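Asker: Next comes final24.txt, compact mmCIF, C-alpha atoms:
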```txt
# COMPACT_ATOMS: atom_id res chain seq x y z
CA PRO A 7 -48.37 70.86 24.20
CA THR A 8 -44.92 72.39 24.30
CA VAL A 9 -42.07 70.76 22.44
CA SER A 10 -38.71 70.64 24.17
CA ARG A 11 -35.69 72.36 22.63
CA GLU A 12 -34.04 68.93 22.50
CA ARG A 13 -36.93 67.48 20.44
CA LYS A 14 -36.97 70.51 18.10
CA ARG A 15 -33.23 70.09 17.56
CA LYS A 16 -33.65 66.39 16.80
CA VAL A 17 -36.44 67.07 14.30
CA ILE A 18 -34.37 69.75 12.54
CA MET A 19 -31.31 67.49 12.38
CA ALA A 20 -33.30 64.50 11.14
CA GLY A 21 -35.44 66.48 8.67
CA ALA A 22 -32.41 68.19 7.13
CA TYR A 23 -30.59 64.84 6.97
CA PHE A 24 -33.53 63.15 5.25
CA VAL A 25 -33.98 65.86 2.60
CA LEU A 26 -30.23 65.95 1.93
CA LEU A 27 -30.19 62.18 1.38
CA PHE A 28 -33.19 62.33 -0.96
CA GLY A 29 -32.26 65.52 -2.82
CA GLY A 30 -28.63 64.51 -3.27
CA SER A 31 -29.47 60.85 -3.98
CA LEU A 32 -27.07 59.87 -1.20
CA ARG A 33 -26.68 56.76 0.90
CA GLY A 34 -27.07 57.18 4.66
CA ASN A 35 -23.49 57.69 5.78
CA GLU A 36 -22.72 60.06 2.88
CA GLY A 37 -25.19 62.55 4.35
CA LEU A 38 -23.21 62.64 7.58
CA MET A 39 -20.34 64.21 5.61
CA LEU A 40 -22.19 67.55 5.49
CA GLU A 41 -19.71 70.09 6.86
CA GLY A 42 -21.37 72.57 9.22
CA GLN A 43 -19.11 75.63 8.99
CA GLY A 44 -19.10 75.49 5.18
CA LEU A 45 -22.87 75.09 5.08
CA CYS A 46 -23.31 78.12 7.36
CA LYS A 47 -20.86 80.17 5.31
CA HIS A 48 -22.51 79.43 1.96
CA ILE A 49 -26.20 79.16 2.91
CA GLY A 50 -26.98 82.52 1.28
CA MET A 51 -25.72 81.39 -2.11
CA GLY A 52 -28.57 80.46 -4.42
CA LYS A 53 -31.23 82.18 -2.31
CA SER A 54 -31.66 85.08 -4.74
CA PRO A 55 -29.92 83.98 -7.94
CA GLY A 56 -29.85 86.00 -11.12
CA GLU A 57 -32.45 85.89 -13.83
CA GLY A 58 -32.97 82.45 -15.33
CA VAL A 59 -31.23 80.67 -12.44
CA PRO A 60 -33.56 78.77 -10.11
CA ILE A 61 -33.35 79.07 -6.33
CA HIS A 62 -30.97 76.43 -5.00
CA VAL A 63 -28.83 75.54 -2.00
CA LEU A 64 -25.25 74.27 -1.71
CA ALA A 65 -24.42 71.35 0.57
CA PRO A 66 -20.66 70.92 1.18
CA LEU A 67 -19.71 67.30 1.84
CA LEU A 68 -16.25 66.61 3.24
CA GLY A 69 -14.73 63.16 3.60
CA CYS A 70 -13.61 59.96 1.92
CA PHE A 71 -16.07 58.76 -0.70
CA GLU A 72 -16.55 55.09 -1.58
CA SER A 73 -13.15 53.39 -1.94
CA GLU A 74 -11.13 56.59 -2.37
CA THR A 75 -8.20 57.52 -0.17
CA GLY A 76 -7.88 61.02 1.21
CA GLU A 77 -10.57 63.57 1.91
CA ARG A 78 -12.40 65.53 -0.76
CA LEU A 79 -14.80 68.44 -0.63
CA ILE A 80 -17.81 68.00 -2.87
CA LEU A 81 -20.51 70.63 -3.29
CA VAL A 82 -23.90 69.06 -3.83
CA VAL A 83 -26.33 71.49 -5.46
CA LEU A 84 -29.96 70.98 -4.51
CA ALA A 85 -33.03 72.74 -5.87
CA GLY A 86 -34.56 75.14 -3.37
CA LYS A 87 -37.78 73.13 -3.58
CA SER A 88 -38.63 69.95 -5.45
CA GLU A 89 -41.51 69.65 -7.90
CA SER A 90 -43.29 67.50 -5.32
CA GLY A 91 -42.91 70.24 -2.68
CA ILE A 92 -39.90 69.12 -0.62
CA GLU A 93 -38.33 72.28 0.79
CA PHE A 94 -34.60 71.50 0.59
CA ARG A 95 -33.50 75.10 1.22
CA TRP A 96 -35.86 75.60 4.15
CA TRP A 97 -34.63 72.48 5.96
CA LEU A 98 -30.96 73.36 5.46
CA GLU A 99 -31.65 76.94 6.61
CA MET A 100 -33.25 75.55 9.80
CA LEU A 101 -30.15 73.41 10.31
CA VAL A 102 -27.93 76.48 9.90
CA LYS A 103 -30.02 78.41 12.44
CA SER A 104 -29.58 75.56 14.90
CA LEU A 105 -25.82 75.41 14.33
CA ILE A 106 -25.49 79.20 14.74
CA LEU A 107 -27.57 79.13 17.93
CA GLU A 108 -25.10 76.59 19.34
CA GLY A 109 -22.01 78.46 18.08
CA LYS A 110 -21.05 75.63 15.75
CA HIS A 111 -20.81 77.91 12.71
CA GLU A 112 -17.44 79.21 13.94
CA VAL A 113 -15.52 75.91 13.78
CA ALA A 114 -15.19 73.21 11.14
CA GLY A 115 -17.09 70.07 11.99
CA PRO A 116 -20.06 67.90 11.16
CA ALA A 117 -23.37 69.65 10.54
CA PHE A 118 -25.24 66.63 11.85
CA CYS A 119 -23.88 66.58 15.36
CA LEU A 120 -24.84 66.08 18.96
CA PRO A 121 -24.92 69.19 21.19
CA SER A 122 -21.31 68.32 22.12
CA GLY A 123 -20.27 68.74 18.46
CA VAL A 124 -19.60 65.03 17.93
CA ILE A 125 -21.17 63.53 14.80
CA ILE A 126 -24.61 62.01 15.34
CA PRO A 127 -24.47 58.22 15.16
CA SER A 128 -26.21 57.11 11.96
CA ARG A 129 -28.16 54.61 14.08
CA GLU A 130 -29.97 57.49 15.84
CA LEU A 131 -31.04 59.09 12.57
CA ASN A 132 -32.13 55.72 11.19
CA GLU A 133 -34.21 55.07 14.32
CA GLU A 134 -35.94 58.44 13.87
CA PHE A 135 -36.67 57.58 10.24
CA ILE A 136 -38.16 54.19 11.15
CA GLU A 137 -40.24 55.88 13.90
CA GLN A 138 -41.65 58.31 11.33
CA CYS A 139 -42.35 55.48 8.86
CA VAL A 140 -44.30 53.61 11.55
CA LYS A 141 -46.23 56.80 12.34
CA VAL A 142 -47.13 57.21 8.66
CA GLN A 143 -48.18 53.54 8.57
CA LEU A 144 -50.45 53.94 11.61
CA GLU A 145 -52.01 57.26 10.54
CA THR A 146 -52.38 56.77 6.77
CA ASP A 147 -52.76 54.04 4.17
CA LEU A 148 -49.47 54.95 2.41
CA ILE A 149 -47.57 52.02 3.98
CA PRO A 150 -49.58 48.77 4.14
CA ASN A 151 -49.95 47.24 7.62
CA GLU A 152 -48.31 43.96 6.60
CA ILE A 153 -44.99 45.73 5.92
CA HIS A 154 -42.48 45.73 8.79
CA CYS A 155 -40.94 49.22 8.54
CA ASP A 156 -37.70 48.28 10.27
CA ASP A 157 -37.14 45.51 7.69
CA LYS A 158 -38.14 47.46 4.58
CA PHE A 159 -36.89 51.00 5.21
CA GLY A 160 -33.67 52.61 6.34
CA THR A 161 -31.63 55.75 5.77
CA TYR A 162 -28.92 53.77 4.00
CA ARG A 163 -31.11 52.74 1.08
CA SER A 164 -34.60 54.25 1.10
CA PHE A 165 -33.77 57.84 0.12
CA ARG A 166 -31.39 56.93 -2.71
CA ILE A 167 -33.84 54.38 -4.12
CA GLY A 168 -36.65 56.91 -3.75
CA SER A 169 -34.80 59.71 -5.50
CA ASN A 170 -33.67 57.41 -8.32
CA THR A 171 -37.22 56.13 -8.78
CA ARG A 172 -38.54 59.70 -8.85
CA ALA A 173 -35.91 60.77 -11.40
CA ARG A 174 -36.79 57.87 -13.71
CA SER A 175 -40.50 58.77 -13.54
CA LEU A 176 -39.95 62.33 -14.79
```
What would the structure in this file look like if it were written as structure tokens?
Answerer:
Amino acid sequence: PTVSRERKRKVIMAGAYFVLLFGGSLRGNEGLMLEGQGLCKHIGMGKSPGEGVPIHVLAPLLGCFESETGERLILVVLAGKSESGIEFRWWLEMLVKSLILEGKHEVAGPAFCLPSGVIIPSRELNEEFIEQCVKVQLETDLIPNEIHCDDKFGTYRSFRIGSNTRARSL
């Protein structure tokens, strides 16, 4: 079965968003601050670092954080790949390819955007996450059947809790 360009785009956007939230230990809306032009410009950094420096990827976040006033640019440094196999660099490279294909690398704006360039509503990314959780629940035994995915999981809390839990277990 062929997958539409629209569906591929949605999967790339959602996958990159999910790994950014987990890898950066971010809450849902903080991930939407990923700045597309800066990401495209700096995607090569960390791909072939010098000796003793692990492969990594930079994620530039631009916006107002927590209760601060005024915008700030924060560079979140993610490992290229987690110990558990999450490919942070690969997902962000796929996002960059998508942005370049659409010409969005030439202007400042949100990396997680609709084809029009407007930021993706967090609700849409959360719905995709819940859909994938339900799919995992139906196809595996990783999420017990008695759990209601839409009550227990969400992009605002699940990735940050997951990354904090993982960090404590190391």
Asker: Could you tell me how far CA of Ile136 in chain A lies from CA of His154 in chain A, in Å and to one decimal?
Answerer: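 CA of Ile136 in chain A sits 9.8 Å away from CA of His154 in chain A.
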Asker: Of the candidates A:Asn151, A:Ser54, A:Gln138, A:Gln43, which one gets nearest to His111 in chain A if we count all atoms listed in the file?
Answerer: A:Gln43
Asker: Could you tell me how far CA of Gly21 in chain A sits from CA of Gly91 in chain A, in Å to one decimal place?
Answerer: 14.1 Å
Asker: Take every atom of range 145-154 of chain A listed in the file, fit an axis-aligned box around them, add 4 Å per side, and give the centre and edge lengths in Å to one decimal as AutoDock Vina command-line options.
Answerer:
```
--center_x -47.6 --center_y 50.6 --center_z 6.5 --size_x 18.3 --size_y 21.3 --size_z 16.1
```
Asker: From the options A:Gly42, A:Ile80, A:Ser164, A:Asp156, which residue's atoms come nearest to Val25 in chain A, counting only C-alpha atoms?
Answerer: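 Counting only C-alpha atoms, the residue closest to Val25 in chain A is A:Ser164.
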Asker: Please measure the separation of CA of Leu79 in chain A and CA of Pro55 in chain A, giving the value in Å to one decimal.
Answerer: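 We find that CA of Leu79 in chain A and CA of Pro55 in chain A lie 22.9 Å from each other.
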Asker: Take the point (-33.0, 56.5, 8.5) as written in the file and pick out every residue within 9 Å of it, counting only C-alpha atoms; give the list as a list in words.
Answerer: Ala20, Tyr23, Phe24, Gly34, Ser128, Arg129, Glu130, Leu131, Asn132, Glu133, Glu134, Phe135, Ile136, Phe159, Gly160, Thr161, Tyr162, Arg163, Ser164 and Phe165 of chain A
Asker: Name the closest residue to Leu84 in chain A among the candidates A:Leu68, A:Val124, A:Ile61, A:Cys46; distances are taken between atoms, counting only C-alpha atoms.
Answerer: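 Closest to Leu84 in chain A of all the choices is A:Ile61.
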Asker: If we count all atoms listed in the file and set the cut-off at 8 Å, which residues sit around Leu40 in chain A, ignoring sequence neighbours fewer than 5 positions away in its own chain? Please answer as a list in words.
Answerer: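 Here the qualifying residues turn out to be Leu45, Ala65, Pro66, Leu67, Leu68, Pro116, Ala117 and Phe118 of chain A.
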Asker: Which residues, written as number ranges by chain, have at least one atom at most 10 Å from Val83 in chain A, with only C-alpha atoms counted and residues fewer than 6 positions away on the same chain left out?
Answerer: A: 29-30, 52, 62-66
Asker: Got a sec to check which residues sit within 12 Å of (-15.4, 61.4, 6.2), counting all atoms listed in the file, and write them as number ranges by chain?
Answerer: A: 35-41, 66-80, 115-116, 125
Asker: Keeping only C-alpha atoms, write the selected residues as a PDB file, keeping the file's coordinate frame.
Answerer:
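Done, and the output landed in out-v5.pdb:
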```
ATOM      1  CA  ASN A  35     -23.490  57.690   5.780  1.00  0.00           C
ATOM      2  CA  GLU A  36     -22.720  60.060   2.880  1.00  0.00           C
ATOM      3  CA  GLY A  37     -25.190  62.550   4.350  1.00  0.00           C
ATOM      4  CA  LEU A  38     -23.210  62.640   7.580  1.00  0.00           C
ATOM      5  CA  MET A  39     -20.340  64.210   5.610  1.00  0.00           C
ATOM      6  CA  LEU A  40     -22.190  67.550   5.490  1.00  0.00           C
ATOM      7  CA  GLU A  41     -19.710  70.090   6.860  1.00  0.00           C
ATOM      8  CA  PRO A  66     -20.660  70.920   1.180  1.00  0.00           C
ATOM      9  CA  LEU A  67     -19.710  67.300   1.840  1.00  0.00           C
ATOM     10  CA  LEU A  68     -16.250  66.610   3.240  1.00  0.00           C
ATOM     11  CA  GLY A  69     -14.730  63.160   3.600  1.00  0.00           C
ATOM     12  CA  CYS A  70     -13.610  59.960   1.920  1.00  0.00           C
ATOM     13  CA  PHE A  71     -16.070  58.760  -0.700  1.00  0.00           C
ATOM     14  CA  GLU A  72     -16.550  55.090  -1.580  1.00  0.00           C
ATOM     15  CA  SER A  73     -13.150  53.390  -1.940  1.00  0.00           C
ATOM     16  CA  GLU A  74     -11.130  56.590  -2.370  1.00  0.00           C
ATOM     17  CA  THR A  75      -8.200  57.520  -0.170  1.00  0.00           C
ATOM     18  CA  GLY A  76      -7.880  61.020   1.210  1.00  0.00           C
ATOM     19  CA  GLU A  77     -10.570  63.570   1.910  1.00  0.00           C
ATOM     20  CA  ARG A  78     -12.400  65.530  -0.760  1.00  0.00           C
ATOM     21  CA  LEU A  79     -14.800  68.440  -0.630  1.00  0.00           C
ATOM     22  CA  ILE A  80     -17.810  68.000  -2.870  1.00  0.00           C
ATOM     23  CA  GLY A 115     -17.090  70.070  11.990  1.00  0.00           C
ATOM     24  CA  PRO A 116     -20.060  67.900  11.160  1.00  0.00           C
ATOM     25  CA  ILE A 125     -21.170  63.530  14.800  1.00  0.00           C
TER      26      ILE A 125
END
```
Asker: Counting only C-alpha atoms, figure out which residue out of A:Ser122, A:Met100, A:Cys155, A:Ala85 gets nearest to Pro60 in chain A.
Answerer: A:Ala85
Asker: Using all atoms listed in the file, find the one residue out of A:Met19, A:Val142, A:Val82, A:Val9 that sits nearest to Ile126 in chain A.
Answerer: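 Residue with the minimum atom-to-atom distance to Ile126 in chain A: A:Met19.
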Asker: Which is closest to Arg15 in chain A among A:Ile92, A:Ile153, A:Val140, A:Leu105, if we use all atoms listed in the file?
Answerer: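 Residue with the minimum atom-to-atom distance to Arg15 in chain A: A:Leu105.
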